[in-house]
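Pasted below: run25.cif, mmCIF, C-alpha atoms and all ligand atoms.
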```cif
data_target
#
loop_
_atom_site.label_atom_id
_atom_site.label_comp_id
_atom_site.auth_asym_id
_atom_site.auth_seq_id
_atom_site.Cartn_x
_atom_site.Cartn_y
_atom_site.Cartn_z
CA MET B 1 106.72 78.45 84.89
CA ARG B 2 103.56 79.87 86.52
CA GLN B 3 103.24 76.68 88.59
CA PHE B 4 106.87 76.91 89.72
CA ILE B 5 106.37 80.57 90.70
CA GLU B 6 103.14 79.89 92.59
CA GLY B 7 104.82 77.26 94.74
CA LEU B 8 108.09 79.15 95.19
CA PRO B 9 108.54 80.25 98.83
CA LYS B 10 108.60 84.05 98.92
CA VAL B 11 109.57 86.89 101.23
CA GLU B 12 108.06 90.35 100.75
CA LEU B 13 109.99 93.43 101.90
CA HIS B 14 108.17 96.32 100.22
CA LEU B 15 104.44 96.42 100.82
CA HIS B 16 102.30 99.37 101.92
CA ILE B 17 99.36 98.04 103.89
CA GLU B 18 97.21 100.97 102.70
CA GLY B 19 98.06 99.85 99.16
CA THR B 20 96.34 96.50 99.70
CA LEU B 21 92.88 98.09 99.99
CA GLU B 22 90.91 96.31 97.27
CA PRO B 23 87.95 98.27 95.83
CA GLU B 24 85.50 95.69 97.21
CA LEU B 25 86.78 96.20 100.78
CA MET B 26 86.86 99.97 100.19
CA PHE B 27 83.11 99.81 99.45
CA GLU B 28 82.41 97.57 102.43
CA LEU B 29 84.28 99.89 104.82
CA ALA B 30 82.69 103.02 103.32
CA LYS B 31 79.28 101.48 104.05
CA ARG B 32 80.32 100.31 107.54
CA ASN B 33 81.60 103.78 108.45
CA ASN B 34 79.07 105.88 106.54
CA ILE B 35 81.70 107.52 104.38
CA GLU B 36 80.98 108.92 100.91
CA ILE B 37 83.32 107.82 98.17
CA PRO B 38 83.36 109.33 94.69
CA PHE B 39 82.70 106.02 92.89
CA ALA B 40 79.46 104.18 92.10
CA SER B 41 80.88 100.63 92.18
CA PRO B 42 84.10 98.67 92.78
CA ASP B 43 84.32 98.29 89.00
CA GLU B 44 84.39 102.05 88.60
CA VAL B 45 87.24 102.21 91.13
CA HIS B 46 89.25 99.65 89.14
CA LYS B 47 88.75 101.78 86.02
CA ALA B 48 90.01 104.91 87.81
CA TYR B 49 93.35 103.26 88.50
CA GLN B 50 95.16 104.74 85.50
CA PHE B 51 98.24 106.66 86.56
CA ASN B 52 100.67 108.98 84.75
CA ASN B 53 103.27 109.10 87.50
CA LEU B 54 103.81 108.64 91.24
CA GLN B 55 101.87 111.77 92.26
CA SER B 56 98.74 110.87 90.27
CA PHE B 57 98.69 107.55 92.12
CA LEU B 58 99.35 109.06 95.55
CA ASP B 59 96.37 111.44 95.19
CA ILE B 60 93.93 108.52 94.72
CA TYR B 61 95.71 106.34 97.27
CA TYR B 62 95.43 108.84 100.14
CA GLN B 63 91.76 109.37 99.28
CA GLY B 64 91.12 105.62 99.44
CA ALA B 65 92.56 105.44 102.97
CA ASN B 66 89.73 107.68 104.24
CA VAL B 67 87.45 104.65 104.71
CA LEU B 68 89.78 103.21 107.39
CA ILE B 69 88.46 104.30 110.79
CA SER B 70 88.40 101.63 113.50
CA GLU B 71 90.86 99.03 114.81
CA GLN B 72 88.63 96.40 113.18
CA ASP B 73 89.05 98.14 109.78
CA PHE B 74 92.85 97.99 110.08
CA PHE B 75 92.59 94.37 111.18
CA ASP B 76 90.35 93.45 108.21
CA LEU B 77 92.65 95.25 105.75
CA THR B 78 95.74 93.46 107.06
CA TRP B 79 94.05 90.08 107.33
CA ALA B 80 92.89 90.27 103.70
CA TYR B 81 96.50 90.93 102.62
CA LEU B 82 97.82 88.05 104.74
CA GLN B 83 95.42 85.66 103.06
CA LYS B 84 96.90 86.73 99.72
CA CYS B 85 100.33 85.99 101.21
CA HIS B 86 99.14 82.52 102.14
CA GLN B 87 97.86 81.90 98.58
CA ASP B 88 101.14 83.14 97.09
CA ASN B 89 103.41 81.22 99.49
CA VAL B 90 104.76 84.39 101.08
CA MET B 91 106.26 83.03 104.29
CA HIS B 92 107.62 86.25 105.75
CA THR B 93 106.55 89.84 105.10
CA GLU B 94 107.75 93.26 106.25
CA ILE B 95 104.89 95.72 106.06
CA PHE B 96 104.94 99.51 105.75
CA PHE B 97 102.26 101.67 107.27
CA ASP B 98 101.79 105.45 107.00
CA PRO B 99 100.54 106.72 110.39
CA GLN B 100 100.38 110.36 109.29
CA THR B 101 97.75 109.49 106.65
CA HIS B 102 95.50 108.46 109.53
CA THR B 103 96.48 110.70 112.46
CA ALA B 104 95.87 113.74 110.19
CA ARG B 105 92.22 112.55 109.97
CA GLY B 106 91.87 112.19 113.72
CA ILE B 107 92.48 108.42 113.86
CA SER B 108 94.73 107.54 116.77
CA PHE B 109 98.16 105.98 116.26
CA ASP B 110 97.13 103.20 118.69
CA THR B 111 94.06 102.29 116.59
CA VAL B 112 96.22 101.88 113.48
CA VAL B 113 99.06 99.90 115.05
CA ASN B 114 96.89 97.69 117.23
CA GLY B 115 94.56 96.75 114.35
CA ILE B 116 97.44 95.82 112.05
CA HIS B 117 99.36 94.04 114.79
CA SER B 118 96.47 91.78 115.86
CA ALA B 119 96.17 90.53 112.28
CA LEU B 120 99.92 89.81 112.19
CA ILE B 121 99.64 87.75 115.36
CA LYS B 122 96.71 85.77 113.95
CA ALA B 123 98.63 85.14 110.70
CA HIS B 124 101.55 83.74 112.69
CA GLU B 125 99.28 81.48 114.71
CA ASP B 126 96.94 80.32 111.93
CA LEU B 127 99.12 80.47 108.80
CA GLY B 128 102.72 80.32 110.06
CA ILE B 129 103.52 83.64 108.37
CA THR B 130 106.12 85.74 110.18
CA SER B 131 106.27 89.50 109.82
CA HIS B 132 107.66 92.85 110.90
CA LEU B 133 106.16 96.34 110.82
CA ILE B 134 107.95 99.37 109.37
CA MET B 135 106.59 102.85 110.07
CA CYS B 136 107.01 105.29 107.18
CA PHE B 137 107.25 109.07 107.34
CA LEU B 138 105.46 110.91 104.53
CA ARG B 139 108.23 112.91 102.88
CA HIS B 140 105.90 115.66 101.57
CA LEU B 141 105.18 116.59 105.22
CA ASP B 142 107.65 118.47 107.40
CA GLU B 143 110.32 117.32 109.81
CA GLU B 144 108.29 118.41 112.83
CA SER B 145 105.43 116.09 111.89
CA ALA B 146 107.90 113.21 111.39
CA ILE B 147 109.41 113.82 114.85
CA GLU B 148 105.96 113.87 116.43
CA THR B 149 105.18 110.56 114.67
CA LEU B 150 108.43 109.04 115.94
CA GLN B 151 107.36 109.95 119.51
CA TYR B 152 104.19 107.86 119.05
CA ALA B 153 106.27 104.95 117.78
CA LEU B 154 108.34 104.96 120.97
CA THR B 155 105.28 103.69 122.86
CA HIS B 156 105.00 100.75 120.41
CA LYS B 157 108.66 99.83 120.12
CA ASP B 158 107.83 96.16 120.64
CA LYS B 159 105.73 96.16 117.44
CA ILE B 160 107.79 98.33 115.07
CA ILE B 161 111.22 97.22 113.86
CA ALA B 162 112.18 100.05 111.52
CA VAL B 163 111.27 103.44 110.12
CA GLY B 164 111.06 104.28 106.42
CA LEU B 165 110.42 107.17 104.05
CA ASP B 166 107.75 107.22 101.34
CA SER B 167 105.39 109.48 99.32
CA SER B 168 106.53 112.14 96.78
CA GLU B 169 110.25 111.76 96.11
CA SER B 170 110.62 114.81 93.85
CA GLY B 171 111.54 117.88 95.89
CA HIS B 172 111.84 115.95 99.16
CA PRO B 173 115.38 114.56 99.31
CA PRO B 174 116.79 112.36 102.09
CA GLU B 175 118.58 115.27 103.86
CA LYS B 176 115.19 116.72 104.86
CA PHE B 177 114.84 113.75 107.26
CA GLN B 178 118.44 113.31 108.38
CA ARG B 179 117.77 114.41 111.98
CA VAL B 180 114.65 112.31 112.53
CA PHE B 181 116.40 109.25 111.10
CA GLN B 182 119.38 109.81 113.41
CA LEU B 183 116.93 110.03 116.32
CA ALA B 184 115.22 106.81 115.20
CA LEU B 185 118.58 105.02 114.90
CA SER B 186 119.57 106.20 118.39
CA GLU B 187 116.29 104.72 119.70
CA GLY B 188 117.22 101.34 118.20
CA PHE B 189 115.04 101.34 115.08
CA LEU B 190 116.48 100.08 111.78
CA THR B 191 115.99 102.36 108.78
CA VAL B 192 114.99 102.03 105.14
CA ALA B 193 113.96 104.64 102.53
CA HIS B 194 112.31 104.93 99.14
CA ALA B 195 114.98 106.37 96.86
CA GLY B 196 115.72 106.35 93.14
CA GLU B 197 112.14 105.49 92.17
CA GLU B 198 111.29 108.74 90.37
CA GLY B 199 114.03 110.77 92.00
CA PRO B 200 117.71 110.93 90.98
CA SER B 201 120.30 108.25 91.76
CA SER B 202 121.95 110.72 94.19
CA ASN B 203 118.99 110.10 96.53
CA ILE B 204 120.14 106.46 96.80
CA GLN B 205 123.67 107.44 97.85
CA ASP B 206 122.27 110.09 100.24
CA ALA B 207 119.83 107.63 101.83
CA MET B 208 122.81 105.37 102.62
CA THR B 209 125.11 108.15 103.84
CA LEU B 210 122.64 110.42 105.66
CA LEU B 211 119.88 108.05 106.80
CA GLY B 212 121.92 104.92 107.61
CA VAL B 213 119.54 102.65 105.73
CA SER B 214 119.74 98.85 105.74
CA ARG B 215 117.86 98.65 102.43
CA ILE B 216 116.84 100.93 99.56
CA ASP B 217 113.20 100.77 98.47
CA HIS B 218 112.99 100.76 94.64
CA GLY B 219 116.49 102.09 93.78
CA VAL B 220 116.10 101.29 90.08
CA ARG B 221 117.55 104.66 88.99
CA CYS B 222 120.95 103.44 90.27
CA VAL B 223 121.73 102.55 86.63
CA ASP B 224 122.35 106.26 85.96
CA ASP B 225 125.55 106.11 88.04
CA PRO B 226 128.08 103.31 87.32
CA LYS B 227 130.06 104.11 90.50
CA LEU B 228 126.91 103.73 92.59
CA ILE B 229 126.18 100.36 90.96
CA GLU B 230 129.64 99.23 92.05
CA THR B 231 129.03 100.47 95.61
CA LEU B 232 125.65 98.67 95.82
CA GLN B 233 127.29 95.51 94.52
CA VAL B 234 130.24 95.66 96.94
CA LEU B 235 128.05 96.48 99.96
CA GLN B 236 125.36 94.04 98.82
CA MET B 237 122.89 96.81 99.69
CA PRO B 238 119.44 95.31 99.09
CA LEU B 239 117.06 96.97 96.63
CA THR B 240 113.36 96.20 97.15
CA VAL B 241 112.18 96.45 93.55
CA CYS B 242 108.48 96.50 92.54
CA PRO B 243 108.02 95.55 88.87
CA LEU B 244 104.25 96.06 88.39
CA SER B 245 104.37 99.34 90.34
CA ASN B 246 107.22 100.67 88.19
CA VAL B 247 105.33 99.99 84.98
CA LYS B 248 101.99 101.32 86.31
CA LEU B 249 103.68 104.53 87.49
CA LYS B 250 105.66 104.83 84.25
CA VAL B 251 109.10 104.55 85.82
CA PHE B 252 109.60 102.12 82.88
CA ASP B 253 107.56 102.25 79.66
CA SER B 254 107.05 98.49 79.63
CA MET B 255 107.87 95.37 81.66
CA GLU B 256 110.30 94.34 78.90
CA GLU B 257 112.31 97.50 79.64
CA HIS B 258 112.48 96.86 83.39
CA ASN B 259 116.08 96.58 84.60
CA ILE B 260 115.69 94.14 87.53
CA VAL B 261 117.14 91.13 85.67
CA GLU B 262 120.08 93.20 84.43
CA LEU B 263 120.73 94.27 88.05
CA LEU B 264 120.51 90.64 89.21
CA HIS B 265 123.07 89.66 86.56
CA GLN B 266 125.36 92.45 87.80
CA GLY B 267 125.35 90.76 91.22
CA LEU B 268 123.18 93.28 93.09
CA CYS B 269 121.01 92.11 95.97
CA VAL B 270 117.68 92.78 94.20
CA THR B 271 114.32 91.46 95.41
CA ILE B 272 110.79 91.33 93.92
CA ASN B 273 107.90 92.99 95.80
CA SER B 274 104.36 94.20 95.19
CA ASP B 275 104.34 97.77 96.69
CA ASP B 276 100.59 98.59 96.43
CA PRO B 277 99.08 95.46 94.89
CA ALA B 278 95.43 96.57 94.99
CA TYR B 279 96.35 99.56 92.83
CA PHE B 280 98.95 98.02 90.52
CA GLY B 281 97.20 94.82 89.45
CA GLY B 282 99.01 92.05 91.26
CA TYR B 283 100.48 90.50 94.39
CA MET B 284 103.79 88.64 94.72
CA THR B 285 103.14 85.74 92.34
CA ASP B 286 101.96 88.17 89.65
CA ASN B 287 105.07 90.31 90.03
CA PHE B 288 107.38 87.29 89.68
CA HIS B 289 105.32 86.01 86.76
CA GLN B 290 105.40 89.30 84.86
CA ILE B 291 109.19 89.34 85.05
CA ALA B 292 109.40 85.69 83.94
CA LEU B 293 107.09 86.37 80.98
CA THR B 294 109.09 89.31 79.69
CA HIS B 295 112.72 88.35 80.48
CA PRO B 296 114.78 85.24 79.74
CA VAL B 297 115.11 84.05 83.35
CA GLU B 298 115.66 80.52 84.61
CA SER B 299 113.97 79.08 87.69
CA LYS B 300 117.24 79.28 89.64
CA GLU B 301 117.33 83.02 88.99
CA LEU B 302 113.76 83.41 90.24
CA ALA B 303 114.78 81.50 93.36
CA GLN B 304 117.70 83.91 93.76
CA PHE B 305 115.19 86.74 94.26
CA THR B 306 113.84 84.86 97.28
CA ARG B 307 117.35 84.05 98.52
CA ASN B 308 118.22 87.75 98.32
CA ALA B 309 115.02 88.69 100.17
CA ILE B 310 115.76 86.23 102.98
CA LYS B 311 119.25 87.69 103.36
CA ALA B 312 117.92 91.27 103.24
CA SER B 313 115.05 90.68 105.68
CA PHE B 314 114.96 91.73 109.33
CA ALA B 315 114.01 88.18 110.36
CA SER B 316 116.04 86.53 113.12
CA GLU B 317 118.98 84.35 112.06
CA SER B 318 117.05 81.21 113.01
CA ARG B 319 114.02 82.26 110.96
CA LYS B 320 116.32 83.04 108.02
CA GLN B 321 117.75 79.52 108.23
CA ASP B 322 114.23 78.13 108.39
CA LEU B 323 113.18 80.12 105.30
CA LEU B 324 116.31 79.02 103.41
CA ARG B 325 115.57 75.39 104.25
CA HIS B 326 112.04 75.79 102.84
CA LEU B 327 113.43 77.33 99.67
CA GLU B 328 116.10 74.66 99.15
CA GLY B 329 113.55 71.94 99.94
CA TYR B 330 111.24 73.31 97.26
CA LEU B 331 114.03 73.49 94.69
CA VAL B 332 115.16 69.87 95.21
CA GLN B 333 111.62 68.54 94.86
CA GLY B 334 112.17 69.05 91.13
CA ILE B 335 108.49 69.21 90.17
CA HIS B 336 109.21 72.02 87.72
N1 LIG B 401 103.52 105.12 98.99
C1 LIG B 401 102.88 104.02 98.55
N2 LIG B 401 103.48 103.54 97.46
C2 LIG B 401 104.53 104.35 97.19
C3 LIG B 401 105.53 104.39 96.20
N3 LIG B 401 105.60 103.48 95.22
N4 LIG B 401 106.42 105.40 96.22
C4 LIG B 401 106.37 106.32 97.18
N5 LIG B 401 105.44 106.33 98.14
C5 LIG B 401 104.53 105.36 98.15
ZN ZN B 402 106.64 101.79 98.05
#
```
The structure given in the file should be rewritten as structure tokens.
Amino acid sequence: MRQFIEGLPKVELHLHIEGTLEPELMFELAKRNNIEIPFASPDEVHKAYQFNNLQSFLDIYYQGANVLISEQDFFDLTWAYLQKCHQDNVMHTEIFFDPQTHTARGISFDTVVNGIHSALIKAHEDLGITSHLIMCFLRHLDEESAIETLQYALTHKDKIIAVGLDSSESGHPPEKFQRVFQLALSEGFLTVAHAGEEGPSSNIQDAMTLLGVSRIDHGVRCVDDPKLIETLQVLQMPLTVCPLSNVKLKVFDSMEEHNIVELLHQGLCVTINSDDPAYFGGYMTDNFHQIALTHPVESKELAQFTRNAIKASFASESRKQDLLRHLEGYLVQGIH
């Protein structure tokens, strides 16, 4: 099964670039930029990655991002992730970035976007990986800061396809960002939002109604509302689910209790993603593998996660056809 999963063509739709900062690169960048970090070795950093909930992770995650200073740093971070994509047969990826984490420290928006974007161009040229960038607003910050961030994005419209919403879900519901999302939509950006990760299932419905989202990030709490499940099924609203993240952040007590396979069987458009792989212990192949190890799934069901992700992606129609051809080609090879 592991061999089948490794070779399976994949599409990633829920990945925070700041969440791909491996401890080894964190140390290298801290040295390069003369920044003190409160750990003696990369091993010590790995050991510190024990989380009780979303907030306990976010506190460490924002601290880690402090080592990112120059365009080269953002390039190196993104390039390292894209090499993992290549190893895992991720053929298309849609990447979140959190500009406010960096602009609040005096790093310019241009530095962040240009560094990430140059790595995406190189990955297309050298590895054939296609991608899109999604700019997230930090929901614990206010509307004014989100609007200011959207203004920066207008000068990079050619590089950013959508806006999203991440960070602490509790106490920061979708309606707080209704106006900025309407503004973003009117400027031609697509929208997505984290909802129903730790927060209530009503956040999922509100993200659809108030923020006009094309996809829900996480969304696993939808099971609390049977009517919502029906709506998600009828609309085929994609859910970008992140198994290892959900277990690490205690959204589920164990991988066995994860509901992604149940949602797949109910006909929802669910996808598998890695969220913050440097913090949660695995990239795409590992996330697929953990589900396969703990649930009775057949290879055709694992392939359905990729089929769903192709359908839910913001790739062009021709790229979607190309990705589907790769997937079908892999499945008929029958080496598994
Ligand atoms: N930022 C990075 N990872 C996140 C997650 N899983 N939920 C909310 N915000 C995040
Ligand atoms: Zn996320």
Worksheet item: Using all atoms listed in the file, which residues sit within 9 Å of Ala278 of chain B once same-chain residues fewer than 2 positions away are excluded, as a list in words?
Response: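 The contact residues come out as Gly19, Thr20, Leu21, Glu22, Pro23, Asp276, Phe280, Gly281, Gly282 and Tyr283 of chain B.
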Worksheet entry | Within 10 Å of ligand LIG 401 (chain B) (only C-alpha atoms and all ligand atoms), residues as an MDAnalysis selection string | chainID B and resid 14:19 53:55 57:58 61:62 96:98 136:140 165:169 193:198 217:218 241:242 245:246 248:249 274:277 279:280
Worksheet item: Between B:Thr306, B:Thr78, B:Gln3, B:Ser186, which is the closest to Pro238 of chain B once you count all atoms listed in the file?
Response: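 Using all atoms listed in the file, Pro238 of chain B sits closest to B:Thr306.
The spacing separating atom ZN of ligand ZN 402 (chain B) from atom CA of His326 of chain B amounts to 27.0 Å.
As for atom CA of Leu185 of chain B and atom CA of Thr93 of chain B, they are spaced 21.7 Å apart.
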Worksheet item: Which residues come within 10 Å of Leu293 of chain B, counting all atoms listed in the file, excluding same-chain residues fewer than 2 positions away, as a list in words?
Response: Met1, Arg2, Met255, Glu256, Phe288, His289, Gln290, Ile291, His295, Pro296 and Val297 of chain B
Discussion item. Quick check, in Å to one decimal: how far apart do atom CA of Met237 of chain B and atom CA of Met208 of chain B lie?
Written reply: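 Between atom CA of Met237 of chain B and atom CA of Met208 of chain B the gap is 9.0 Å.
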Item to complete: May I ask which of the residues B:Thr101, B:Asn287, B:Thr149, B:Ser202 is the closest one to Leu244 of chain B, counting only C-alpha atoms?
Response: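 Of all the options, B:Asn287 lies closest to Leu244 of chain B.
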Practice prompt. Using all atoms listed in the file, find the one residue out of B:Leu210, B:Ala30, B:Leu239, B:Ile60 that sits nearest to ligand ZN 402 (chain B).
Written response: B:Leu239
Worksheet item: How would you write as a PyMOL selection string the residues that get within 12 Å of (115.8, 77.5, 102.9) in the file's frame, counting only C-alpha atoms?
Response: chain B and resi 8-11+91+303-304+306-311+317-332
Mind giving me the axis-aligned box for segment 262-271 of chain B with 4 Å on every side, centre plus edges in Å to one decimal, as AutoDock Vina command-line options?
```
--center_x 119.8 --center_y 92.0 --center_z 90.2 --size_x 19.0 --size_y 12.6 --size_z 19.5
```
Practice prompt. Tell me which of B:Asn52, B:Gln100, B:Ser131, B:Asn273 sits closest to ligand ZN 402 (chain B), counting all atoms listed in the file.
Written response: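 Smallest separation from ligand ZN 402 (chain B) among the options: B:Asn273.
Using all atoms listed in the file, the nearest neighbour of ligand ZN 402 (chain B) within the list B:Lys157, B:Ser145, B:Glu12, B:Glu230 is B:Glu12.
Residue nearest ligand ZN 402 (chain B), chosen from B:Cys85, B:Ile121, B:Ala184, B:Ile134 and counting all atoms listed in the file: B:Ile134.
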Discussion item. At a cut-off of 9 Å, using all atoms listed in the file, what residues contact Phe189 of chain B? Leave out same-chain residues fewer than 6 positions from it and give the result as a PyMOL selection string.
Written reply: chain B and resi 157+160-163+181+183
Worksheet item: Which residues, written as a ChimeraX atom specification, have at least one atom at most 10 Å from Ile147 of chain B, with all atoms listed in the file counted and residues fewer than 3 positions away on the same chain left out?
Response: /B:137,142-144,150-153,177,179-181,183-184
